[in-house]
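First comes the structure, then the notes that go with it.
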Amino acid sequence: MATLLRSKLTNVATSVSNKSQAKVSGMFARMGFQAATDEEAVGFAHCDDLDFEHRQGLQMDILKSEGEPCGDEGAEAPVEGDIHYQRGGAPLPPSGSKDQAVGAGGEFGGHDKPKITAWEAGWNVTNAIQGMFVLGLPYAILHGGYLGLFLIIFAAVVCCYTGKILIACLYEENEDGEVVRVRDSYVAIANACCAPRFPTLGGRVVNVAQIIELVMTCILYVVVSGNLMYNSFPGLPVSQKSWSIIATAVLLPCAFLKNLKAVSKFSLLCTLAHFVINILVIAYCLSRARDWAWEKVKFYIDVKKFPISIGIIVFSYTSQIFLPSLEGNMQQPSEFHCMMNWTHIAACVLKGLFALVAYLTWADETKEVITDNLPGSIRAVVNLFLVAKALLSYPLPFFAAVEVLEKSLFQEGSRAFFPACYGGDGRLKSWGLTLRCALVVFTLLMAIYVPHFALLMGLTGSLTGAGLCFLLPSLFHLRLLWRKLLWHQVFFDVAIFVIGGICSVSGFVHSLEGLIEAYRTNAED
C-alpha cells in the first residue's frame, strides 16, 4: 500500500512538473516563433518543432498522462499525444483536436499547446515578407521600371494564392465527409504527393531546397554586414572582405547554440528598428520629392539584368515553408485566408512605395543596398542598426539549417547516414561542434568570394524561392486535390507552374552568369 501511494504521488508530481514545463516552453516557443519569422521565411517554425523534438523527444518514454486509468496495477499509461509523436511527418488528427500531435505548433497537443490569434499570425507573416531584404527592391526597379512595380504586385498575388493552396493540401475529407487536417508540414505534403512509389522523395527535395535557402540567407547576412560596414566607414583601411571576416568572428558562437531562447528576445526590437529605418529612408526620399526623376521610370527592361530582379522580388516574399506550422498554431484556422489577404496587400503597398520613392530619389545611381545611397552622416547610423539586425538575425536561419541537417542525416535512427551529433546525456559531441563551425566558415567563404548582395539574392530567389513559392505548391495542389478542383483553379495552378518555371530558369541562368562574370572581374583585379 505504501509503495502504491508513493507511486501515485510520484506520478502526480511528474505530471504537474511536465505540465508546468510545457506551459513555460510554450511561452518561449511562442516568443521564438514570432522571432523566427523575422526574416524571409527562414523556416524557424519548423526549426522550433525540431528544437522541441530534441529537447523533449528523449523524455517521451517517461511522460505520463494525467488522470487516465492504468491498464495494470502500478502501471502508467502514456501521455496524451505520445502515440502520435512523429518525426517523419506522419498524418495527424484534425487541427484543434485534443489528441493533436507535436508538429503543428511545436508543443504538446490539446489545450496545453499555445495558440496565436490571426493578428499575431499576421505579424509573423509580415515580419517574414517585410524583412531587411526589401532594401534590394529599388535595385530591381532600376532594371525593370514599371514592369518591376507590376512584378511586386504580381508576386504578392501569386504568393498569397499559393500559400492558401498549400494549406488546402493539409486537409482531406474523412469517411463522414468532414474536412480534417491529416498533414502537418510542407515535407508531409511533399511525401504524400510522391507516395506510394517514392514515399520520402518529396520530403527530401523540400528539405534540400529549405537547407539551400537557409544557408544562402546566412551568406546574405554576412555579405550585407560587410557591405554596410565598408560603405559606412570608407575612410578606414579595412576592405569589405575584412569586415565580413570580423562579422563572422562575432557569429562564431552560433555554433554552440542549443536553442534560440538567448536570441529570440532581441527579435522584436530588431524588427521595430527595421521598420523605423524604413520610415527614415522614406522620409529622406520624401524630403527630396522636388528632385524626383519620374522620367527615369520607363516601361523598357534590361534584358540581361531584369531576370535577376525577378529573383530579388520573389525572394522578398518567401514564407511558404513555415505556413503549415503557422496555420496549425492559430486559434481560428478559418481566419487564415483573411490573414493572408491583408498581410500580402499591406506588403505589396509598402514594398511598392518603398521601391518607387527610393528609385525616384537616386534613379540611375541606385545601389544594390539602398541605404548605401544615403548621405554619409545618416548612412553610418542607419547602416550600424542594419548590421546589428543582420548579426542578430543570422542565428535564426543558421540554427534552422543545422537542425534540418541533424534531423535528416544524424537523427533518423536506423535511417541515419552518420552517427548522432549528441551523446546519451544530450551534449553536443566534438565532431558535431566541428561541423557547425565548418558551416559558419562556409558562409564566410561564400561571402568573401561572392560579395554581391543583389546577385546572390536573385540566385536564391530564382532557385529555391520560385520552387517553394510557385512551382511546388501548384504542383502539389494539382496532385492531391485535382478531382475536386474547378476548371479555373486548374488553369491558375498550371499557369503559375509554367510562369514560375520560366522565371526560375531565366533568373537562375542570368544570376549565375552575373556571378561568374563578377568573379572573373574580381580575379583580374
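Scheme for the C-alpha cells: letters A, B, ... for chains in order shown; per-chain residue numbers from 1; ligand numbers from 1 in order shown.
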
To test your reading of the structure, identify every residue in region 273-510 of chain A that backbone DSSP assigns to alpha helix (DSSP H), and report it as a ChimeraX atom specification. /A:273-287,306-315,323-328,336-362,376-393,395-405,430-449,453-460,466,472-481,487-510

As a JSON list (two decimals) with all heavy atoms, in the first residue's frame, please: the residues near Ser232 (chain A) (cut-off 7 Å, only C-alpha atoms, same-chain neighbours under 4 positions excluded).
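Wrote it out as part-v8.json, contents follow:
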```
[["chain", "number", "residue", "atom", "x", "y", "z"],
["A", 228, "LEU", "N", 27.68, 46.91, -45.71],
["A", 228, "LEU", "CA", 27.22, 48.09, -44.97],
["A", 228, "LEU", "C", 28.35, 48.73, -44.17],
["A", 228, "LEU", "O", 28.48, 49.96, -44.13],
["A", 228, "LEU", "CB", 26.07, 47.70, -44.04],
["A", 228, "LEU", "CG", 24.76, 47.30, -44.73],
["A", 228, "LEU", "CD1", 23.76, 46.77, -43.71],
["A", 228, "LEU", "CD2", 24.15, 48.47, -45.49],
["A", 379, "ARG", "N", 23.97, 57.72, -43.25],
["A", 379, "ARG", "CA", 24.25, 56.34, -43.67],
["A", 379, "ARG", "C", 24.95, 55.54, -42.58],
["A", 379, "ARG", "O", 24.60, 54.38, -42.35],
["A", 379, "ARG", "CB", 25.12, 56.36, -44.94],
["A", 379, "ARG", "CG", 25.43, 54.96, -45.47],
["A", 379, "ARG", "CD", 26.15, 55.01, -46.80],
["A", 379, "ARG", "NE", 27.47, 55.61, -46.66],
["A", 379, "ARG", "CZ", 27.88, 56.69, -47.31],
["A", 379, "ARG", "NH1", 27.05, 57.33, -48.12],
["A", 379, "ARG", "NH2", 29.10, 57.16, -47.16],
["A", 380, "ALA", "N", 25.90, 56.14, -41.90],
["A", 380, "ALA", "CA", 26.65, 55.41, -40.88],
["A", 380, "ALA", "C", 25.74, 54.93, -39.76],
["A", 380, "ALA", "O", 25.82, 53.77, -39.32],
["A", 380, "ALA", "CB", 27.77, 56.29, -40.33],
["A", 383, "ASN", "N", 23.17, 52.26, -41.18],
["A", 383, "ASN", "CA", 23.84, 51.00, -41.51],
["A", 383, "ASN", "C", 24.30, 50.24, -40.26],
["A", 383, "ASN", "O", 24.30, 49.01, -40.24],
["A", 383, "ASN", "CB", 25.04, 51.26, -42.42],
["A", 383, "ASN", "CG", 24.62, 51.54, -43.86],
["A", 383, "ASN", "OD1", 23.44, 51.45, -44.18],
["A", 383, "ASN", "ND2", 25.58, 51.87, -44.69]]
```

Can you pull out the residues contacting region 167-175 of chain A? Cut-off 12 Å, using only C-alpha atoms, and skip same-chain residues under 4 positions away; I want them as a compact mmCIF listing (two decimals) with N, CA, C and O atoms, in the first residue's frame.
```txt
# COMPACT_ATOMS: atom_id res chain seq x y z
N GLY A 89 6.72 13.19 -40.29
CA GLY A 89 5.61 13.82 -41.00
C GLY A 89 4.44 12.91 -41.24
O GLY A 89 3.77 13.00 -42.25
N ALA A 90 4.15 11.98 -40.33
CA ALA A 90 3.01 11.10 -40.48
C ALA A 90 1.73 11.86 -40.25
O ALA A 90 1.72 12.93 -39.66
N PRO A 91 0.58 11.34 -40.72
CA PRO A 91 -0.69 12.05 -40.58
C PRO A 91 -1.02 12.36 -39.13
O PRO A 91 -0.72 11.60 -38.22
N LEU A 92 -1.69 13.47 -38.94
CA LEU A 92 -2.07 13.94 -37.62
C LEU A 92 -3.58 14.04 -37.53
O LEU A 92 -4.27 14.14 -38.54
N PRO A 93 -4.12 14.07 -36.32
CA PRO A 93 -5.55 14.31 -36.15
C PRO A 93 -5.89 15.72 -36.58
O PRO A 93 -5.02 16.55 -36.79
N PRO A 94 -7.16 16.05 -36.70
CA PRO A 94 -7.56 17.37 -37.14
C PRO A 94 -7.02 18.47 -36.25
O PRO A 94 -6.82 18.29 -35.06
N SER A 95 -6.80 19.64 -36.87
CA SER A 95 -6.32 20.78 -36.10
C SER A 95 -7.32 21.14 -35.03
O SER A 95 -8.52 21.23 -35.25
N ALA A 104 2.50 20.58 -35.41
CA ALA A 104 1.81 21.74 -35.94
C ALA A 104 2.24 23.01 -35.24
O ALA A 104 2.32 24.05 -35.83
N CYS A 160 0.34 34.85 -52.20
CA CYS A 160 -0.85 34.74 -51.34
C CYS A 160 -1.68 33.54 -51.76
O CYS A 160 -2.13 32.75 -50.91
N TYR A 161 -1.87 33.37 -53.07
CA TYR A 161 -2.67 32.25 -53.58
C TYR A 161 -2.00 30.91 -53.30
O TYR A 161 -2.65 29.97 -52.82
N THR A 162 -0.70 30.81 -53.56
CA THR A 162 -0.01 29.53 -53.35
C THR A 162 0.08 29.19 -51.87
O THR A 162 0.11 28.01 -51.50
N GLY A 163 0.14 30.21 -51.01
CA GLY A 163 0.10 29.94 -49.58
C GLY A 163 -1.21 29.30 -49.16
O GLY A 163 -1.25 28.38 -48.34
N VAL A 179 -14.00 17.74 -43.40
CA VAL A 179 -12.64 18.12 -43.80
C VAL A 179 -11.77 18.14 -42.55
O VAL A 179 -12.04 18.89 -41.61
N VAL A 180 -10.74 17.30 -42.54
CA VAL A 180 -9.88 17.19 -41.36
C VAL A 180 -8.43 17.41 -41.79
O VAL A 180 -8.04 17.19 -42.93
N ARG A 181 -7.62 17.83 -40.82
CA ARG A 181 -6.19 18.07 -41.06
C ARG A 181 -5.43 16.75 -40.89
O ARG A 181 -5.38 16.18 -39.80
N VAL A 182 -4.84 16.27 -41.98
CA VAL A 182 -4.16 14.98 -41.96
C VAL A 182 -2.65 15.10 -42.13
O VAL A 182 -1.94 14.10 -42.07
N ARG A 183 -2.17 16.33 -42.39
CA ARG A 183 -0.72 16.54 -42.54
C ARG A 183 -0.33 17.75 -41.73
O ARG A 183 -1.17 18.58 -41.37
N ASP A 184 0.97 17.87 -41.43
CA ASP A 184 1.39 18.92 -40.52
C ASP A 184 2.49 19.81 -41.06
O ASP A 184 2.87 20.77 -40.40
N SER A 185 3.04 19.52 -42.23
CA SER A 185 4.20 20.30 -42.69
C SER A 185 4.31 20.23 -44.21
O SER A 185 3.64 19.44 -44.89
N TYR A 186 5.16 21.09 -44.73
CA TYR A 186 5.48 21.10 -46.16
C TYR A 186 6.06 19.74 -46.56
O TYR A 186 5.73 19.20 -47.63
N VAL A 187 6.92 19.20 -45.73
CA VAL A 187 7.54 17.90 -46.02
C VAL A 187 6.49 16.80 -46.10
O VAL A 187 6.55 15.93 -46.98
N ALA A 188 5.52 16.82 -45.19
CA ALA A 188 4.47 15.80 -45.20
C ALA A 188 3.65 15.88 -46.48
O ALA A 188 3.26 14.86 -47.05
N ILE A 189 3.37 17.09 -46.96
CA ILE A 189 2.65 17.27 -48.22
C ILE A 189 3.45 16.70 -49.38
O ILE A 189 2.93 15.98 -50.24
N ALA A 190 4.75 17.01 -49.41
CA ALA A 190 5.61 16.51 -50.48
C ALA A 190 5.68 14.99 -50.47
O ALA A 190 5.62 14.35 -51.53
N ASN A 191 5.80 14.39 -49.30
CA ASN A 191 5.84 12.92 -49.21
C ASN A 191 4.53 12.30 -49.67
O ASN A 191 4.53 11.24 -50.33
N ALA A 192 3.41 12.94 -49.35
CA ALA A 192 2.11 12.41 -49.77
C ALA A 192 1.96 12.44 -51.29
O ALA A 192 1.35 11.55 -51.88
N CYS A 193 2.55 13.44 -51.93
CA CYS A 193 2.47 13.53 -53.39
C CYS A 193 3.30 12.46 -54.08
O CYS A 193 2.95 12.02 -55.18
N GLN A 320 6.32 30.48 -47.54
CA GLN A 320 5.52 29.26 -47.61
C GLN A 320 6.04 28.14 -46.72
O GLN A 320 5.25 27.32 -46.23
N ILE A 321 7.33 28.08 -46.49
CA ILE A 321 7.91 26.94 -45.80
C ILE A 321 7.39 26.82 -44.37
O ILE A 321 7.32 25.71 -43.81
N PHE A 322 7.00 27.92 -43.73
CA PHE A 322 6.54 27.83 -42.34
C PHE A 322 5.03 28.01 -42.20
O PHE A 322 4.49 27.92 -41.10
N LEU A 323 4.31 28.22 -43.32
CA LEU A 323 2.88 28.46 -43.23
C LEU A 323 2.09 27.28 -42.65
O LEU A 323 1.14 27.51 -41.88
N PRO A 324 2.41 26.02 -42.99
CA PRO A 324 1.66 24.92 -42.37
C PRO A 324 1.74 24.93 -40.84
O PRO A 324 0.73 24.71 -40.16
N SER A 325 2.92 25.19 -40.30
CA SER A 325 3.07 25.24 -38.85
C SER A 325 2.34 26.44 -38.27
O SER A 325 1.73 26.36 -37.21
N LEU A 326 2.37 27.55 -38.98
CA LEU A 326 1.69 28.76 -38.51
C LEU A 326 0.17 28.54 -38.47
O LEU A 326 -0.49 28.88 -37.48
N GLU A 327 -0.38 27.98 -39.54
CA GLU A 327 -1.83 27.75 -39.59
C GLU A 327 -2.27 26.77 -38.52
O GLU A 327 -3.34 26.93 -37.90
N GLY A 328 -1.46 25.74 -38.26
CA GLY A 328 -1.78 24.79 -37.22
C GLY A 328 -1.70 25.37 -35.82
O GLY A 328 -2.22 24.80 -34.87
N PRO A 333 -8.16 28.61 -37.32
CA PRO A 333 -7.56 28.37 -38.65
C PRO A 333 -8.43 28.88 -39.79
O PRO A 333 -7.90 29.15 -40.88
N SER A 334 -9.74 29.04 -39.56
CA SER A 334 -10.62 29.54 -40.62
C SER A 334 -10.29 30.98 -41.00
O SER A 334 -10.70 31.46 -42.06
N PHE A 336 -7.31 32.05 -41.57
CA PHE A 336 -6.01 32.06 -42.25
C PHE A 336 -6.09 32.79 -43.59
O PHE A 336 -5.20 33.59 -43.91
N HIS A 337 -7.13 32.53 -44.39
CA HIS A 337 -7.23 33.15 -45.71
C HIS A 337 -7.33 34.67 -45.59
O HIS A 337 -6.66 35.41 -46.34
N MET A 340 -3.94 36.06 -44.71
CA MET A 340 -3.03 36.08 -45.86
C MET A 340 -3.37 37.25 -46.79
O MET A 340 -2.46 37.88 -47.35
N LEU A 472 6.24 24.17 -56.49
CA LEU A 472 5.80 23.04 -55.67
C LEU A 472 4.37 23.18 -55.14
O LEU A 472 3.60 22.20 -55.20
N PRO A 473 3.95 24.35 -54.61
CA PRO A 473 2.56 24.44 -54.15
C PRO A 473 1.53 24.16 -55.24
O PRO A 473 0.56 23.43 -55.01
N SER A 474 1.75 24.72 -56.44
CA SER A 474 0.79 24.48 -57.52
C SER A 474 0.82 23.03 -57.97
O SER A 474 -0.23 22.42 -58.24
N LEU A 475 2.01 22.42 -58.00
CA LEU A 475 2.12 21.01 -58.39
C LEU A 475 1.46 20.10 -57.35
O LEU A 475 0.71 19.17 -57.69
N PHE A 476 1.70 20.36 -56.07
CA PHE A 476 1.10 19.56 -55.01
C PHE A 476 -0.42 19.70 -55.00
O PHE A 476 -1.14 18.74 -54.75
N HIS A 477 -0.90 20.91 -55.23
CA HIS A 477 -2.34 21.14 -55.25
C HIS A 477 -3.01 20.33 -56.36
O HIS A 477 -4.08 19.72 -56.15
N LEU A 478 -2.40 20.32 -57.54
CA LEU A 478 -2.94 19.53 -58.64
C LEU A 478 -2.87 18.04 -58.34
O LEU A 478 -3.80 17.28 -58.67
N ARG A 479 -1.78 17.62 -57.73
CA ARG A 479 -1.57 16.19 -57.48
C ARG A 479 -2.53 15.64 -56.42
O ARG A 479 -3.09 14.55 -56.59
N LEU A 480 -2.75 16.38 -55.35
CA LEU A 480 -3.55 15.86 -54.24
C LEU A 480 -5.04 16.14 -54.37
O LEU A 480 -5.86 15.35 -53.89
N LEU A 481 -5.41 17.27 -54.98
CA LEU A 481 -6.81 17.68 -54.96
C LEU A 481 -7.40 17.87 -56.35
O LEU A 481 -8.44 18.53 -56.50
N TRP A 482 -6.79 17.32 -57.38
CA TRP A 482 -7.22 17.63 -58.75
C TRP A 482 -8.66 17.20 -59.02
O TRP A 482 -9.37 17.81 -59.82
N LYS A 484 -11.17 17.52 -57.13
CA LYS A 484 -12.13 18.44 -56.52
C LYS A 484 -11.97 19.87 -57.01
O LYS A 484 -12.71 20.76 -56.59
N LEU A 485 -11.01 20.11 -57.91
CA LEU A 485 -10.73 21.47 -58.36
C LEU A 485 -11.67 21.87 -59.50
O LEU A 485 -12.03 21.05 -60.35
```

What's around Pro451 (chain A) at 8 Å? Count only C-alpha atoms, leave out sequence neighbours fewer than 4 positions away in its own chain, and write the answer as an MDAnalysis selection string. chainID A and resid 223 227 241 446:447

Selected residue of minimal separation from Ala283 (chain A) among A:Thr361, A:Tyr139, A:Trp123, A:Tyr230, counting only C-alpha atoms: A:Thr361

Just want the 9 Å neighbourhood of Asp364 (chain A), counted on only C-alpha atoms, with same-chain residues fewer than 2 positions away dropped. Output as a PDB file with C-alpha atoms, in the first residue's frame.
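As a result, out-v1.pdb now contains:
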```
ATOM      1  CA  LEU A 142      16.400  50.142 -61.672  1.00  0.00           C
ATOM      2  CA  LYS A 296      13.799  57.680 -65.457  1.00  0.00           C
ATOM      3  CA  TYR A 359      14.424  54.776 -57.036  1.00  0.00           C
ATOM      4  CA  TRP A 362      18.539  58.259 -56.762  1.00  0.00           C
ATOM      5  CA  THR A 366      20.593  53.350 -57.090  1.00  0.00           C
ATOM      6  CA  LYS A 367      22.858  50.796 -55.405  1.00  0.00           C
TER       7      LYS A 367
END
```

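The space separating CA of Val441 (chain A) from CA of Lys407 (chain A) comes to 21.2 Å.
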
Find the spatial neighbours of Asn278 (chain A), counting only C-alpha atoms, within a cut-off of 10 Å - ignore same-chain residues fewer than 3 positions away - and output them as a ChimeraX atom specification. /A:132,134-135,272-275,281-284,350,354,371,382

Non-local contacts of Ala466 (chain A) (8 Å; only C-alpha atoms; under 6 positions in same chain excluded) as number ranges by chain: A: 311, 314-315, 500-501, 503-504

Prev. selection, N, CA and C atoms, output as a PDB file, in the first residue's frame:
```
ATOM      1  N   GLY A 311      14.148  37.355 -59.370  1.00  0.00           N
ATOM      2  CA  GLY A 311      14.573  36.565 -58.220  1.00  0.00           C
ATOM      3  C   GLY A 311      14.588  37.380 -56.941  1.00  0.00           C
ATOM      4  N   VAL A 314      10.909  37.841 -55.825  1.00  0.00           N
ATOM      5  CA  VAL A 314      10.348  36.589 -55.317  1.00  0.00           C
ATOM      6  C   VAL A 314      10.937  36.254 -53.954  1.00  0.00           C
ATOM      7  N   PHE A 315      12.238  36.442 -53.799  1.00  0.00           N
ATOM      8  CA  PHE A 315      12.890  36.124 -52.535  1.00  0.00           C
ATOM      9  C   PHE A 315      12.339  36.952 -51.385  1.00  0.00           C
ATOM     10  N   GLY A 500       6.108  30.341 -63.321  1.00  0.00           N
ATOM     11  CA  GLY A 500       7.135  30.216 -62.289  1.00  0.00           C
ATOM     12  C   GLY A 500       8.351  29.464 -62.780  1.00  0.00           C
ATOM     13  N   GLY A 501       8.134  28.424 -63.578  1.00  0.00           N
ATOM     14  CA  GLY A 501       9.261  27.671 -64.120  1.00  0.00           C
ATOM     15  C   GLY A 501      10.105  28.499 -65.063  1.00  0.00           C
ATOM     16  N   CYS A 503      10.331  31.848 -65.153  1.00  0.00           N
ATOM     17  CA  CYS A 503      11.030  32.883 -64.367  1.00  0.00           C
ATOM     18  C   CYS A 503      12.176  32.281 -63.564  1.00  0.00           C
ATOM     19  N   SER A 504      11.966  31.089 -63.022  1.00  0.00           N
ATOM     20  CA  SER A 504      13.000  30.448 -62.213  1.00  0.00           C
ATOM     21  C   SER A 504      14.233  30.129 -63.050  1.00  0.00           C
TER      22      SER A 504
END
```
